[in-house]
$ cat my_file-v6.pdb   # PDB, C-alpha atoms
ATOM      1  CA  MET A   1      10.172   3.721  -0.032  1.00  0.00           C
ATOM      2  CA  PRO A   2       9.327   2.183   3.353  1.00  0.00           C
ATOM      3  CA  PHE A   3      11.240   3.444   6.374  1.00  0.00           C
ATOM      4  CA  PHE A   4      12.179  -0.070   7.523  1.00  0.00           C
ATOM      5  CA  THR A   5      13.978  -0.841   4.261  1.00  0.00           C
ATOM      6  CA  TRP A   6      16.005   2.364   4.489  1.00  0.00           C
ATOM      7  CA  ALA A   7      16.743   1.755   8.175  1.00  0.00           C
ATOM      8  CA  PHE A   8      17.936  -1.801   7.452  1.00  0.00           C
ATOM      9  CA  LYS A   9      20.286  -0.550   4.731  1.00  0.00           C
ATOM     10  CA  LEU A  10      21.705   2.217   6.932  1.00  0.00           C
ATOM     11  CA  TYR A  11      22.211  -0.065   9.937  1.00  0.00           C
ATOM     12  CA  ALA A  12      23.848  -2.753   7.791  1.00  0.00           C
ATOM     13  CA  GLU A  13      26.301  -0.260   6.334  1.00  0.00           C
ATOM     14  CA  GLU A  14      27.075   1.158   9.792  1.00  0.00           C
ATOM     15  CA  LEU A  15      28.094  -2.386  10.751  1.00  0.00           C
ATOM     16  CA  GLY A  16      30.269  -2.695   7.642  1.00  0.00           C
ATOM     17  CA  ALA A  17      27.916  -4.911   5.641  1.00  0.00           C
ATOM     18  CA  LYS A  18      26.810  -4.114   2.103  1.00  0.00           C
ATOM     19  CA  ALA A  19      23.040  -4.075   1.660  1.00  0.00           C
ATOM     20  CA  TYR A  20      21.165  -2.825  -1.370  1.00  0.00           C
ATOM     21  CA  ILE A  21      17.627  -1.685  -1.988  1.00  0.00           C
ATOM     22  CA  ALA A  22      15.803  -3.390  -4.864  1.00  0.00           C
ATOM     23  CA  HIS A  23      12.334  -2.962  -6.342  1.00  0.00           C
ATOM     24  CA  ALA A  24       9.358  -4.978  -7.383  1.00  0.00           C
ATOM     25  CA  PRO A  25       6.136  -3.315  -8.559  1.00  0.00           C
ATOM     26  CA  ARG A  26       4.812  -1.144  -5.678  1.00  0.00           C
ATOM     27  CA  HIS A  27       7.321  -2.744  -3.365  1.00  0.00           C
ATOM     28  CA  CYS A  28      10.936  -2.596  -2.233  1.00  0.00           C
ATOM     29  CA  PHE A  29      13.148  -4.918  -0.250  1.00  0.00           C
ATOM     30  CA  ILE A  30      16.784  -5.520   0.703  1.00  0.00           C
ATOM     31  CA  MET A  31      19.241  -7.564  -1.335  1.00  0.00           C
ATOM     32  CA  TYR A  32      22.696  -8.677  -0.302  1.00  0.00           C
ATOM     33  CA  LYS A  33      25.330 -10.931  -1.838  1.00  0.00           C
ATOM     34  CA  ASP A  34      25.309 -14.516  -0.538  1.00  0.00           C
ATOM     35  CA  GLU A  35      29.018 -14.611   0.245  1.00  0.00           C
ATOM     36  CA  ASP A  36      28.660 -17.547   2.667  1.00  0.00           C
ATOM     37  CA  ASN A  37      26.819 -19.737   0.126  1.00  0.00           C
ATOM     38  CA  LEU A  38      23.944 -20.340   2.528  1.00  0.00           C
ATOM     39  CA  PHE A  39      21.283 -19.950  -0.170  1.00  0.00           C
ATOM     40  CA  PRO A  40      20.718 -21.440  -3.627  1.00  0.00           C
ATOM     41  CA  GLU A  41      20.865 -17.966  -5.236  1.00  0.00           C
ATOM     42  CA  ASP A  42      23.761 -15.511  -5.579  1.00  0.00           C
ATOM     43  CA  TRP A  43      21.671 -12.706  -4.084  1.00  0.00           C
ATOM     44  CA  VAL A  44      19.489 -12.941  -0.974  1.00  0.00           C
ATOM     45  CA  ASN A  45      16.159 -11.070  -0.943  1.00  0.00           C
ATOM     46  CA  VAL A  46      15.062  -9.879   2.487  1.00  0.00           C
ATOM     47  CA  GLU A  47      11.467  -8.892   3.138  1.00  0.00           C
ATOM     48  CA  VAL A  48      12.212  -6.520   6.018  1.00  0.00           C
ATOM     49  CA  THR A  49       8.695  -5.908   7.318  1.00  0.00           C
ATOM     50  CA  ALA A  50       7.945  -9.644   7.438  1.00  0.00           C
ATOM     51  CA  GLN A  51      11.502 -10.576   8.546  1.00  0.00           C
ATOM     52  CA  GLN A  52      11.751 -13.229   5.856  1.00  0.00           C
ATOM     53  CA  TYR A  53      14.061 -14.365   3.089  1.00  0.00           C
ATOM     54  CA  GLN A  54      12.126 -14.475  -0.161  1.00  0.00           C
ATOM     55  CA  PRO A  55      13.258 -16.589  -3.134  1.00  0.00           C
ATOM     56  CA  THR A  56      13.564 -14.729  -6.431  1.00  0.00           C
ATOM     57  CA  TRP A  57      11.138 -17.066  -8.192  1.00  0.00           C
ATOM     58  CA  GLY A  58       8.518 -16.299  -5.520  1.00  0.00           C
ATOM     59  CA  ILE A  59       8.867 -12.548  -6.024  1.00  0.00           C
ATOM     60  CA  LYS A  60       8.756 -12.939  -9.812  1.00  0.00           C
ATOM     61  CA  GLU A  61       5.612 -15.048  -9.606  1.00  0.00           C
ATOM     62  CA  HIS A  62       3.792 -12.890  -7.062  1.00  0.00           C
ATOM     63  CA  PHE A  63       4.510  -9.567  -8.792  1.00  0.00           C
ATOM     64  CA  GLU A  64       4.351 -10.986 -12.333  1.00  0.00           C
ATOM     65  CA  ILE A  65       7.846  -9.764 -13.179  1.00  0.00           C
ATOM     66  CA  GLU A  66       9.166 -10.733 -16.599  1.00  0.00           C
ATOM     67  CA  ASP A  67      12.773 -11.823 -17.101  1.00  0.00           C
ATOM     68  CA  SER A  68      13.174  -8.888 -19.510  1.00  0.00           C
ATOM     69  CA  ALA A  69      12.455  -6.458 -16.627  1.00  0.00           C
ATOM     70  CA  ILE A  70      15.196  -8.084 -14.554  1.00  0.00           C
ATOM     71  CA  ILE A  71      17.647  -7.957 -17.470  1.00  0.00           C
ATOM     72  CA  ALA A  72      16.762  -4.261 -17.966  1.00  0.00           C
ATOM     73  CA  LYS A  73      17.458  -3.742 -14.207  1.00  0.00           C
ATOM     74  CA  THR A  74      13.965  -2.404 -13.578  1.00  0.00           C
ATOM     75  CA  TYR A  75      13.112  -4.962 -10.900  1.00  0.00           C
ATOM     76  CA  LEU A  76      15.060  -7.363  -8.662  1.00  0.00           C
ATOM     77  CA  SER A  77      18.285  -5.491  -9.270  1.00  0.00           C
ATOM     78  CA  PRO A  78      20.426  -4.130  -6.406  1.00  0.00           C
ATOM     79  CA  LEU A  79      20.508  -0.346  -6.733  1.00  0.00           C
ATOM     80  CA  THR A  80      23.639   1.735  -6.356  1.00  0.00           C
ATOM     81  CA  ASP A  81      23.589   4.519  -3.775  1.00  0.00           C
ATOM     82  CA  LYS A  82      23.036   7.100  -6.544  1.00  0.00           C
ATOM     83  CA  GLU A  83      20.127   5.091  -7.952  1.00  0.00           C
ATOM     84  CA  THR A  84      18.655   4.771  -4.460  1.00  0.00           C
ATOM     85  CA  VAL A  85      18.742   8.549  -3.931  1.00  0.00           C
ATOM     86  CA  ALA A  86      17.330   9.021  -7.446  1.00  0.00           C
ATOM     87  CA  CYS A  87      14.346   6.887  -6.414  1.00  0.00           C
ATOM     88  CA  GLN A  88      13.798   9.204  -3.472  1.00  0.00           C
ATOM     89  CA  LEU A  89      13.506  12.152  -5.868  1.00  0.00           C
ATOM     90  CA  SER A  90      10.850  10.245  -7.775  1.00  0.00           C
ATOM     91  CA  ASP A  91       9.051   9.458  -4.505  1.00  0.00           C
ATOM     92  CA  LEU A  92       9.241  13.149  -3.570  1.00  0.00           C
ATOM     93  CA  ALA A  93       7.458  14.071  -6.813  1.00  0.00           C
ATOM     94  CA  LEU A  94       4.737  11.523  -6.083  1.00  0.00           C
ATOM     95  CA  ALA A  95       4.329  12.740  -2.479  1.00  0.00           C
ATOM     96  CA  TYR A  96       4.036  16.305  -3.794  1.00  0.00           C
ATOM     97  CA  TYR A  97       1.290  15.174  -6.171  1.00  0.00           C
ATOM     98  CA  HIS A  98      -0.609  13.446  -3.361  1.00  0.00           C
ATOM     99  CA  LYS A  99      -0.354  16.519  -1.136  1.00  0.00           C
ATOM    100  CA  PHE A 100      -1.220  19.197  -3.704  1.00  0.00           C
ATOM    101  CA  SER A 101      -3.193  17.120  -6.270  1.00  0.00           C
ATOM    102  CA  ARG A 102      -1.230  18.433  -9.218  1.00  0.00           C
ATOM    103  CA  TYR A 103       1.661  17.688 -11.521  1.00  0.00           C
ATOM    104  CA  ASP A 104       3.707  20.746 -12.470  1.00  0.00           C
ATOM    105  CA  GLU A 105       7.237  22.109 -12.956  1.00  0.00           C
ATOM    106  CA  PHE A 106       8.301  20.782  -9.551  1.00  0.00           C
ATOM    107  CA  THR A 107       7.303  17.182 -10.261  1.00  0.00           C
ATOM    108  CA  LEU A 108       8.952  17.427 -13.679  1.00  0.00           C
ATOM    109  CA  ARG A 109      12.211  18.754 -12.192  1.00  0.00           C
ATOM    110  CA  CYS A 110      12.257  15.970  -9.591  1.00  0.00           C
ATOM    111  CA  VAL A 111      11.790  13.152 -12.074  1.00  0.00           C
ATOM    112  CA  ASP A 112      14.151  14.640 -14.661  1.00  0.00           C
ATOM    113  CA  ALA A 113      16.894  14.666 -12.008  1.00  0.00           C
ATOM    114  CA  SER A 114      15.872  11.175 -10.881  1.00  0.00           C
ATOM    115  CA  LEU A 115      15.951   9.698 -14.374  1.00  0.00           C
ATOM    116  CA  LYS A 116      19.416  11.107 -14.991  1.00  0.00           C
ATOM    117  CA  TYR A 117      20.768   8.632 -12.411  1.00  0.00           C
ATOM    118  CA  TYR A 118      18.198   5.826 -12.606  1.00  0.00           C
ATOM    119  CA  PRO A 119      16.603   5.784 -16.079  1.00  0.00           C
ATOM    120  CA  MET A 120      14.926   2.381 -15.604  1.00  0.00           C
ATOM    121  CA  ASN A 121      12.487   3.600 -12.939  1.00  0.00           C
ATOM    122  CA  PRO A 122       8.988   3.189 -14.438  1.00  0.00           C
ATOM    123  CA  ASN A 123       7.375   5.274 -11.673  1.00  0.00           C
ATOM    124  CA  ALA A 124       9.588   8.248 -12.524  1.00  0.00           C
ATOM    125  CA  ILE A 125       8.836   7.878 -16.247  1.00  0.00           C
ATOM    126  CA  ILE A 126       5.082   7.729 -15.619  1.00  0.00           C
ATOM    127  CA  THR A 127       5.274  10.798 -13.363  1.00  0.00           C
ATOM    128  CA  LYS A 128       7.249  12.602 -16.052  1.00  0.00           C
ATOM    129  CA  GLY A 129       4.588  11.787 -18.647  1.00  0.00           C
ATOM    130  CA  LYS A 130       1.814  13.044 -16.375  1.00  0.00           C
ATOM    131  CA  SER A 131       3.792  16.202 -15.571  1.00  0.00           C
ATOM    132  CA  LEU A 132       4.352  16.916 -19.263  1.00  0.00           C
ATOM    133  CA  ASP A 133       0.652  16.413 -19.961  1.00  0.00           C
ATOM    134  CA  ALA A 134      -0.385  18.744 -17.119  1.00  0.00           C
ATOM    135  CA  LEU A 135       2.028  21.445 -18.295  1.00  0.00           C
ATOM    136  CA  LEU A 136       0.823  21.053 -21.887  1.00  0.00           C
ATOM    137  CA  GLN A 137      -2.819  21.470 -20.855  1.00  0.00           C
ATOM    138  CA  ARG A 138      -1.923  24.607 -18.909  1.00  0.00           C
ATOM    139  CA  HIS A 139       0.049  26.019 -21.859  1.00  0.00           C
ATOM    140  CA  LEU A 140      -2.757  25.294 -24.338  1.00  0.00           C
ATOM    141  CA  LYS A 141      -5.258  27.041 -22.101  1.00  0.00           C
ATOM    142  CA  GLN A 142      -3.019  30.113 -22.003  1.00  0.00           C
ATOM    143  CA  ASN A 143      -2.160  30.251 -25.720  1.00  0.00           C
ATOM    144  CA  GLY A 144      -5.661  29.568 -27.062  1.00  0.00           C
ATOM    145  CA  HIS A 145      -4.992  25.901 -27.960  1.00  0.00           C
ATOM    146  CA  LEU A 146      -2.510  26.742 -30.714  1.00  0.00           C
ATOM    147  CA  ARG A 147       0.327  24.529 -31.867  1.00  0.00           C
ATOM    148  CA  ASP A 148       3.706  26.154 -31.268  1.00  0.00           C
ATOM    149  CA  GLU A 149       7.324  25.359 -30.404  1.00  0.00           C
ATOM    150  CA  TYR A 150       6.398  24.443 -26.814  1.00  0.00           C
ATOM    151  CA  THR A 151       3.687  21.967 -27.848  1.00  0.00           C
ATOM    152  CA  ASP A 152       6.039  20.345 -30.381  1.00  0.00           C
ATOM    153  CA  GLU A 153       8.794  19.920 -27.789  1.00  0.00           C
ATOM    154  CA  ASN A 154       6.302  18.599 -25.251  1.00  0.00           C
ATOM    155  CA  ASP A 155       4.987  16.117 -27.818  1.00  0.00           C
ATOM    156  CA  THR A 156       8.527  14.900 -28.549  1.00  0.00           C
ATOM    157  CA  GLN A 157       9.263  14.389 -24.848  1.00  0.00           C
ATOM    158  CA  SER A 158       5.959  12.585 -24.287  1.00  0.00           C
ATOM    159  CA  LYS A 159       6.682  10.156 -27.117  1.00  0.00           C
ATOM    160  CA  GLN A 160      10.129   9.549 -25.660  1.00  0.00           C
ATOM    161  CA  CYS A 161       8.533   8.798 -22.273  1.00  0.00           C
ATOM    162  CA  LEU A 162       6.410   6.108 -23.868  1.00  0.00           C
ATOM    163  CA  GLN A 163       9.459   4.519 -25.511  1.00  0.00           C
ATOM    164  CA  ASP A 164      11.436   4.718 -22.260  1.00  0.00           C
ATOM    165  CA  LEU A 165       8.583   3.106 -20.316  1.00  0.00           C
ATOM    166  CA  ARG A 166       8.362   0.222 -22.789  1.00  0.00           C
ATOM    167  CA  ALA A 167      12.129  -0.298 -22.465  1.00  0.00           C
ATOM    168  CA  THR A 168      11.736  -0.957 -18.714  1.00  0.00           C
ATOM    169  CA  HIS A 169       9.430  -3.962 -19.373  1.00  0.00           C
ATOM    170  CA  TRP A 170       7.478  -2.800 -16.319  1.00  0.00           C
ATOM    171  CA  THR A 171       4.589  -4.727 -14.798  1.00  0.00           C
ATOM    172  CA  GLN A 172       1.485  -2.733 -15.649  1.00  0.00           C
ATOM    173  CA  GLU A 173      -1.008  -2.641 -12.803  1.00  0.00           C
ATOM    174  CA  THR A 174      -4.456  -4.050 -13.434  1.00  0.00           C
ATOM    175  CA  GLU A 175      -7.441  -4.650 -11.157  1.00  0.00           C
ATOM    176  CA  VAL A 176      -6.602  -8.356 -11.248  1.00  0.00           C
ATOM    177  CA  LEU A 177      -3.037  -7.672 -10.095  1.00  0.00           C
ATOM    178  CA  ARG A 178      -4.132  -5.253  -7.379  1.00  0.00           C
ATOM    179  CA  SER A 179      -6.535  -7.885  -6.101  1.00  0.00           C
ATOM    180  CA  LYS A 180      -3.769 -10.500  -6.184  1.00  0.00           C
ATOM    181  CA  TRP A 181      -1.356  -8.271  -4.270  1.00  0.00           C
ATOM    182  CA  LYS A 182      -3.863  -7.852  -1.440  1.00  0.00           C
ATOM    183  CA  GLN A 183      -3.023 -11.447  -0.486  1.00  0.00           C
ATOM    184  CA  SER A 184      -5.615 -13.789   0.856  1.00  0.00           C
ATOM    185  CA  PRO A 185      -4.819 -15.844   3.982  1.00  0.00           C
ATOM    186  CA  GLU A 186      -4.164 -18.830   1.687  1.00  0.00           C
ATOM    187  CA  ASP A 187      -1.655 -16.822  -0.362  1.00  0.00           C
ATOM    188  CA  ILE A 188       0.146 -15.665   2.766  1.00  0.00           C
ATOM    189  CA  GLU A 189       0.367 -19.250   4.023  1.00  0.00           C
ATOM    190  CA  ARG A 190       1.711 -20.451   0.650  1.00  0.00           C
ATOM    191  CA  ILE A 191       4.365 -17.731   0.651  1.00  0.00           C
ATOM    192  CA  ARG A 192       5.261 -18.516   4.263  1.00  0.00           C
ATOM    193  CA  LYS A 193       5.977 -22.128   3.294  1.00  0.00           C
ATOM    194  CA  ASN A 194       8.425 -20.945   0.625  1.00  0.00           C
ATOM    195  CA  VAL A 195      10.448 -18.514   2.713  1.00  0.00           C
ATOM    196  CA  GLN A 196      12.991 -18.829   5.462  1.00  0.00           C
ATOM    197  CA  ILE A 197      12.376 -16.870   8.645  1.00  0.00           C
ATOM    198  CA  ILE A 198      15.260 -14.650   9.745  1.00  0.00           C
ATOM    199  CA  LYS A 199      16.450 -15.713  13.185  1.00  0.00           C
TER
END

$ encode --input "my_file-v6.pdb" --output "structure tokens"
Amino acid sequence: MPFFTWAFKLYAEELGAKAYIAHAPRHCFIMYKDEDNLFPEDWVNVEVTAQQYQPTWGIKEHFEIEDSAIIAKTYLSPLTDKETVACQLSDLALAYYHKFSRYDEFTLRCVDASLKYYPMNPNAIITKGKSLDALLQRHLKQNGHLRDEYTDENDTQSKQCLQDLRATHWTQETEVLRSKWKQSPEDIERIRKNVQIIK
């Protein structure tokens, strides 16, 4: 989660304002309630790094977010403080993987704790699935590739991960999407025309 988004939330709350972190695929931003009715939507989306207000339809279109993912509170949903901290546990597991190039008991513990408080986080579910797979491969190597109680339990949890991931209605990354998210100068200009600069 980018530092600027966290900093914005902390500063806002120090000043007595309520600000929430929300997610889009590979992205996070600030949301706050439009109590002054200055915008056409009930919630205002703030792109902190670009210092812009972003309309919900623009975020949905750019990140290819389905309505079902919003209803499930996977994306474009203001997170509670507990959910926000839970996301940090998931991010910690991912940072650990990038540093040590492995999924193991630590990554599994992080995401299990994370999912207890924010079960609709697709990144945590994916990390859990990869952790389970890594631990299964290690176990099979040690026990001579035999089926036992551990492999059965691991299989059950892996199947549950798949069901949980489907329930989030997450936006699955593809090469086409990654290319789209890089944003050409034309895309940036189009987005700029549809946002309001924060003054």

$ axis_aligned_box --input "my_file-v6.pdb" --around "range 70-80 of chain A" --padding-each-side "8 Å" --output "lines of an AutoDock Vina configuration file"
center_x = 18.4
center_y = -3.2
center_z = -12.2
size_x = 26.5
size_y = 25.8
size_z = 27.6

$ residues_around --input "my_file-v6.pdb" --residues "range 113-130 of chain A" --least-positions-apart "3" --cutoff "8 Å" --atoms "all atoms listed in the file" --output "list in words"
Ala72, Lys73, Thr74, Lys82, Glu83, Val85, Ala86, Cys87, Gln88, Leu89, Ser90, Ala93, Leu94, Tyr103, Thr107, Leu108, Arg109, Cys110, Asp133, Ala134, Ser158, Cys161, Leu162, Asp164, Leu165, Ala167, Thr168 and Trp170 of chain A

$ closest_residue --input "my_file-v6.pdb" --among "A:Val44, A:Gln52, A:His62, A:Ala22" --to "Thr171 in chain A" --atoms "all atoms listed in the file"
A:His62

$ atom_distance --input "my_file-v6.pdb" --atom1 "CA of Ser179 in chain A" --atom2 "CA of Arg102 in chain A"
27.0 Å

$ atom_distance --input "my_file-v6.pdb" --atom1 "CA of Ile30 in chain A" --atom2 "CA of Ala95 in chain A"
22.3 Å

$ closest_residue --input "my_file-v6.pdb" --among "A:Leu79, A:Val111, A:Val176, A:Leu92" --to "His23 in chain A" --atoms "only C-alpha atoms"
A:Leu79

$ closest_residue --input "my_file-v6.pdb" --among "A:Ala69, A:Asp152, A:Leu38, A:Glu61" --to "Arg166 in chain A" --atoms "only C-alpha atoms"
A:Ala69

$ closest_residue --input "my_file-v6.pdb" --among "A:Ala50, A:Asp36, A:Thr80, A:Phe3" --to "Ala19 in chain A" --atoms "only C-alpha atoms"
A:Thr80

$ closest_residue --input "my_file-v6.pdb" --among "A:Ile70, A:Ile21, A:His27, A:Asp104" --to "Arg138 in chain A" --atoms "all atoms listed in the file"
A:Asp104

$ closest_residue --input "my_file-v6.pdb" --among "A:Ser68, A:Thr84, A:Gln163, A:Thr5" --to "Val46 in chain A" --atoms "only C-alpha atoms"
A:Thr5

$ atom_distance --input "my_file-v6.pdb" --atom1 "CA of Glu66 in chain A" --atom2 "CA of His169 in chain A"
7.3 Å
